[in-house]
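**Student:** Pasting in a structure now, in structure tokens, and then I'll have a few things to ask.
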Amino acid sequence: MRKFQAAFCKYWAMKYFIIFIFLELLKLTSFGQCDSSLVGKWKVISCFNGEVYFNLKNDSTFLAPEIKVIYPDTLSQKTFIELAKETYGSFVYDFEKDGKFSFFLHSRFQFSGQYCFIKSKHILRQTTKNSLGEDVTEDVKGKIENGLLYISQKWEDNTMYNIVLERVKQ
């Protein structure tokens with residue numbers, strides 16, 4: 001009976017070991033899908049966060065009706081829009097060949113992490129550190145279309161930001 005138990009335990013141990021190896025290989029193949037088309041610096045040209053929309057290329061803007069209630073006069077609305085353009089319009093992503101990225105606001109470094117752009121699935125996987133120093137991975141919707149990078153990502157108070165970036169010419 002002991003021989004049977006020992007053989008049975010070895011069988012299950014080997015089975016779990018094979019499953020573990022298989023899962024590790026799956027993880028490697030998912031990072032093997034990373035596309036290098038993001039390499040370079042990208043700056044925001046358009047942003048919409050549910051409150052304000054702007055496009056720096058054609059100078060179009062829009063305020064959501066609930067924001068117009070908060071800022072009823074045109075001067076305060078214009079100030080709100082200009083502040084949004086100044087803030088979000090200064091966002092720059094720098095994607096490197098080695099899978100690292102940095103994020104800048106007003107030309108000042110804000111944070112960095114690792115990325116993997118899975119072009120076929122329209123996913124930009126970002127891994128950054130949280131306030132406890134732990135890795136946090138987020139799959140962000142992302143695609144390149146007509147030379148522009150489109151990203152939909154939740155920031156701040158879980159607000160969805162739809163941003164369009166263009167590559168910075170070097």
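The chains in the structure tokens are called A, B, ... from first to last as shown; in each chain the residues are counted from 1, and the ligands are counted from 1 in the order shown.
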With a distance cut-off of 9 Å and only C-alpha atoms, select the neighbouring residues of segment 145-162 of chain A, excluding the residue or stretch itself and same-chain residues fewer than 5 positions from it, and output the selection as a PyMOL selection string.

**Tutor:** chain A and resi 38+42+46-50+124+139-140+167

**Student:** So that I can check the surroundings of segment 61-65 of chain A, please list as a list in words every protein, DNA and RNA residue that reaches within 6 Å of it, counting only C-alpha atoms and ignoring chain neighbours fewer than 4 positions away.

**Tutor:**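 Neighbouring residues, sequence-local ones excluded: Glu51, Val52, Tyr53 and Phe54 of chain A.
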
**Student:** Expressed in Å to a single decimal, how great is the separation between atom CA of Lys169 of chain A and atom CA of Lys129 of chain A?

**Tutor:** 29.4 Å

**Student:** Neighbouring residues of Val44 of chain A were defined as those with any atom within 10 Å, considering only C-alpha atoms; residues of the same chain fewer than 3 positions away were excluded. Please report them as a PyMOL selection string.

**Tutor:** chain A and resi 47+55-56+85+88-93+148-150+163-168

**Student:** Of the candidates A:Arg125, A:Lys57, A:Lys41, A:Lys141, which shows the shortest atom-to-atom distance to Lys97 of chain A, using only C-alpha atoms?

**Tutor:**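 Closest candidate: A:Lys41.
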
**Student:** DSSP on the backbone: what in chain A comes out strand (DSSP E or B), as a PyMOL selection string?

**Tutor:** chain A and resi 35+40-48+52-55+60-63+92-95+100-105+108-118+123-129+135-145+148-155+159-167

**Student:** Generate a file of the selected residues that holds C-alpha atoms, formatted as an mmCIF file, in the first residue's frame.

**Tutor:**
data_model
loop_
_atom_site.group_PDB
_atom_site.id
_atom_site.type_symbol
_atom_site.label_atom_id
_atom_site.label_comp_id
_atom_site.auth_asym_id
_atom_site.auth_seq_id
_atom_site.Cartn_x
_atom_site.Cartn_y
_atom_site.Cartn_z
ATOM 1 C CA ASP A 35 4.999 45.041 -30.779
ATOM 2 C CA GLY A 40 9.686 56.776 -29.291
ATOM 3 C CA LYS A 41 8.150 59.837 -27.689
ATOM 4 C CA TRP A 42 4.427 60.567 -28.010
ATOM 5 C CA LYS A 43 2.608 63.753 -27.001
ATOM 6 C CA VAL A 44 -1.092 64.331 -26.409
ATOM 7 C CA ILE A 45 -2.956 66.185 -29.145
ATOM 8 C CA SER A 46 -6.513 65.387 -28.068
ATOM 9 C CA CYS A 47 -8.244 64.454 -24.814
ATOM 10 C CA PHE A 48 -11.760 63.791 -23.542
ATOM 11 C CA VAL A 52 -13.883 68.606 -21.312
ATOM 12 C CA TYR A 53 -12.730 67.794 -24.837
ATOM 13 C CA PHE A 54 -9.962 69.519 -26.714
ATOM 14 C CA ASN A 55 -7.993 68.943 -29.870
ATOM 15 C CA SER A 60 -11.703 72.516 -31.184
ATOM 16 C CA THR A 61 -13.086 72.331 -27.635
ATOM 17 C CA PHE A 62 -16.217 71.169 -25.870
ATOM 18 C CA LEU A 63 -17.537 71.286 -22.302
ATOM 19 C CA VAL A 92 4.356 62.924 -22.986
ATOM 20 C CA TYR A 93 4.983 59.185 -23.068
ATOM 21 C CA ASP A 94 8.456 57.868 -23.874
ATOM 22 C CA PHE A 95 8.400 54.202 -24.932
ATOM 23 C CA LYS A 100 10.276 50.428 -20.393
ATOM 24 C CA PHE A 101 8.271 53.633 -20.533
ATOM 25 C CA SER A 102 8.312 56.994 -18.784
ATOM 26 C CA PHE A 103 5.505 59.492 -18.359
ATOM 27 C CA PHE A 104 6.112 63.241 -18.212
ATOM 28 C CA LEU A 105 3.855 66.149 -17.271
ATOM 29 C CA ARG A 108 8.855 66.767 -15.534
ATOM 30 C CA PHE A 109 9.214 63.064 -14.887
ATOM 31 C CA GLN A 110 6.128 61.625 -13.156
ATOM 32 C CA PHE A 111 6.435 57.835 -13.211
ATOM 33 C CA SER A 112 7.809 54.944 -15.194
ATOM 34 C CA GLY A 113 7.174 51.280 -15.697
ATOM 35 C CA GLN A 114 7.184 48.487 -18.195
ATOM 36 C CA TYR A 115 4.908 48.116 -21.188
ATOM 37 C CA CYS A 116 3.904 45.597 -23.788
ATOM 38 C CA PHE A 117 1.874 46.706 -26.789
ATOM 39 C CA ILE A 118 -0.174 43.782 -28.106
ATOM 40 C CA ILE A 123 -3.962 46.305 -25.658
ATOM 41 C CA LEU A 124 -1.251 48.396 -24.059
ATOM 42 C CA ARG A 125 -0.204 46.475 -20.940
ATOM 43 C CA GLN A 126 1.393 48.787 -18.377
ATOM 44 C CA THR A 127 3.137 47.684 -15.200
ATOM 45 C CA THR A 128 3.890 50.411 -12.661
ATOM 46 C CA LYS A 129 4.519 50.580 -8.909
ATOM 47 C CA ASP A 135 3.814 46.017 -9.194
ATOM 48 C CA VAL A 136 0.396 46.827 -10.642
ATOM 49 C CA THR A 137 -0.398 45.695 -14.180
ATOM 50 C CA GLU A 138 -3.202 47.287 -16.152
ATOM 51 C CA ASP A 139 -4.439 46.424 -19.626
ATOM 52 C CA VAL A 140 -5.324 49.660 -21.377
ATOM 53 C CA LYS A 141 -7.182 49.886 -24.683
ATOM 54 C CA GLY A 142 -4.729 51.150 -27.271
ATOM 55 C CA LYS A 143 -4.312 51.195 -31.011
ATOM 56 C CA ILE A 144 -2.329 52.952 -33.694
ATOM 57 C CA GLU A 145 -4.392 54.333 -36.543
ATOM 58 C CA LEU A 148 -1.769 58.318 -34.132
ATOM 59 C CA LEU A 149 -1.883 56.418 -30.844
ATOM 60 C CA TYR A 150 -5.346 56.127 -29.282
ATOM 61 C CA ILE A 151 -5.489 55.216 -25.583
ATOM 62 C CA SER A 152 -8.505 54.784 -23.278
ATOM 63 C CA GLN A 153 -7.400 54.648 -19.667
ATOM 64 C CA LYS A 154 -8.874 55.233 -16.213
ATOM 65 C CA TRP A 155 -7.033 57.768 -14.079
ATOM 66 C CA THR A 159 -12.487 58.653 -14.722
ATOM 67 C CA MET A 160 -12.042 57.332 -18.255
ATOM 68 C CA TYR A 161 -9.672 59.384 -20.377
ATOM 69 C CA ASN A 162 -9.691 58.977 -24.135
ATOM 70 C CA ILE A 163 -6.498 60.487 -25.430
ATOM 71 C CA VAL A 164 -4.898 60.720 -28.837
ATOM 72 C CA LEU A 165 -1.143 61.078 -29.116
ATOM 73 C CA GLU A 166 1.177 61.803 -32.005
ATOM 74 C CA ARG A 167 4.772 60.756 -32.313
#

**Student:** Work out how far apart atom CA of Val39 of chain A and atom CA of Asp98 of chain A are and give it in Å to one decimal.

**Tutor:** 9.1 Å

**Student:** With only C-alpha atoms as the atoms that count, which of A:Ser131, A:Asp59, A:Glu96, A:Glu66 lies nearest to Ile81 of chain A?

**Tutor:**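 Closest residue, counting only C-alpha atoms: A:Asp59.
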
**Student:** Suppose you want the space between atom CA of Ser107 of chain A and atom CA of Gln170 of chain A; what is it in Å?

**Tutor:**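 Here the two named atoms are 15.7 Å from each other.
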
**Student:** Give the helix (DSSP H, G or I) residues of segment 86-146 of chain A, as DSSP finds them on the backbone, and put them as a ChimeraX atom specification.

**Tutor:** /A:86-88,119-121
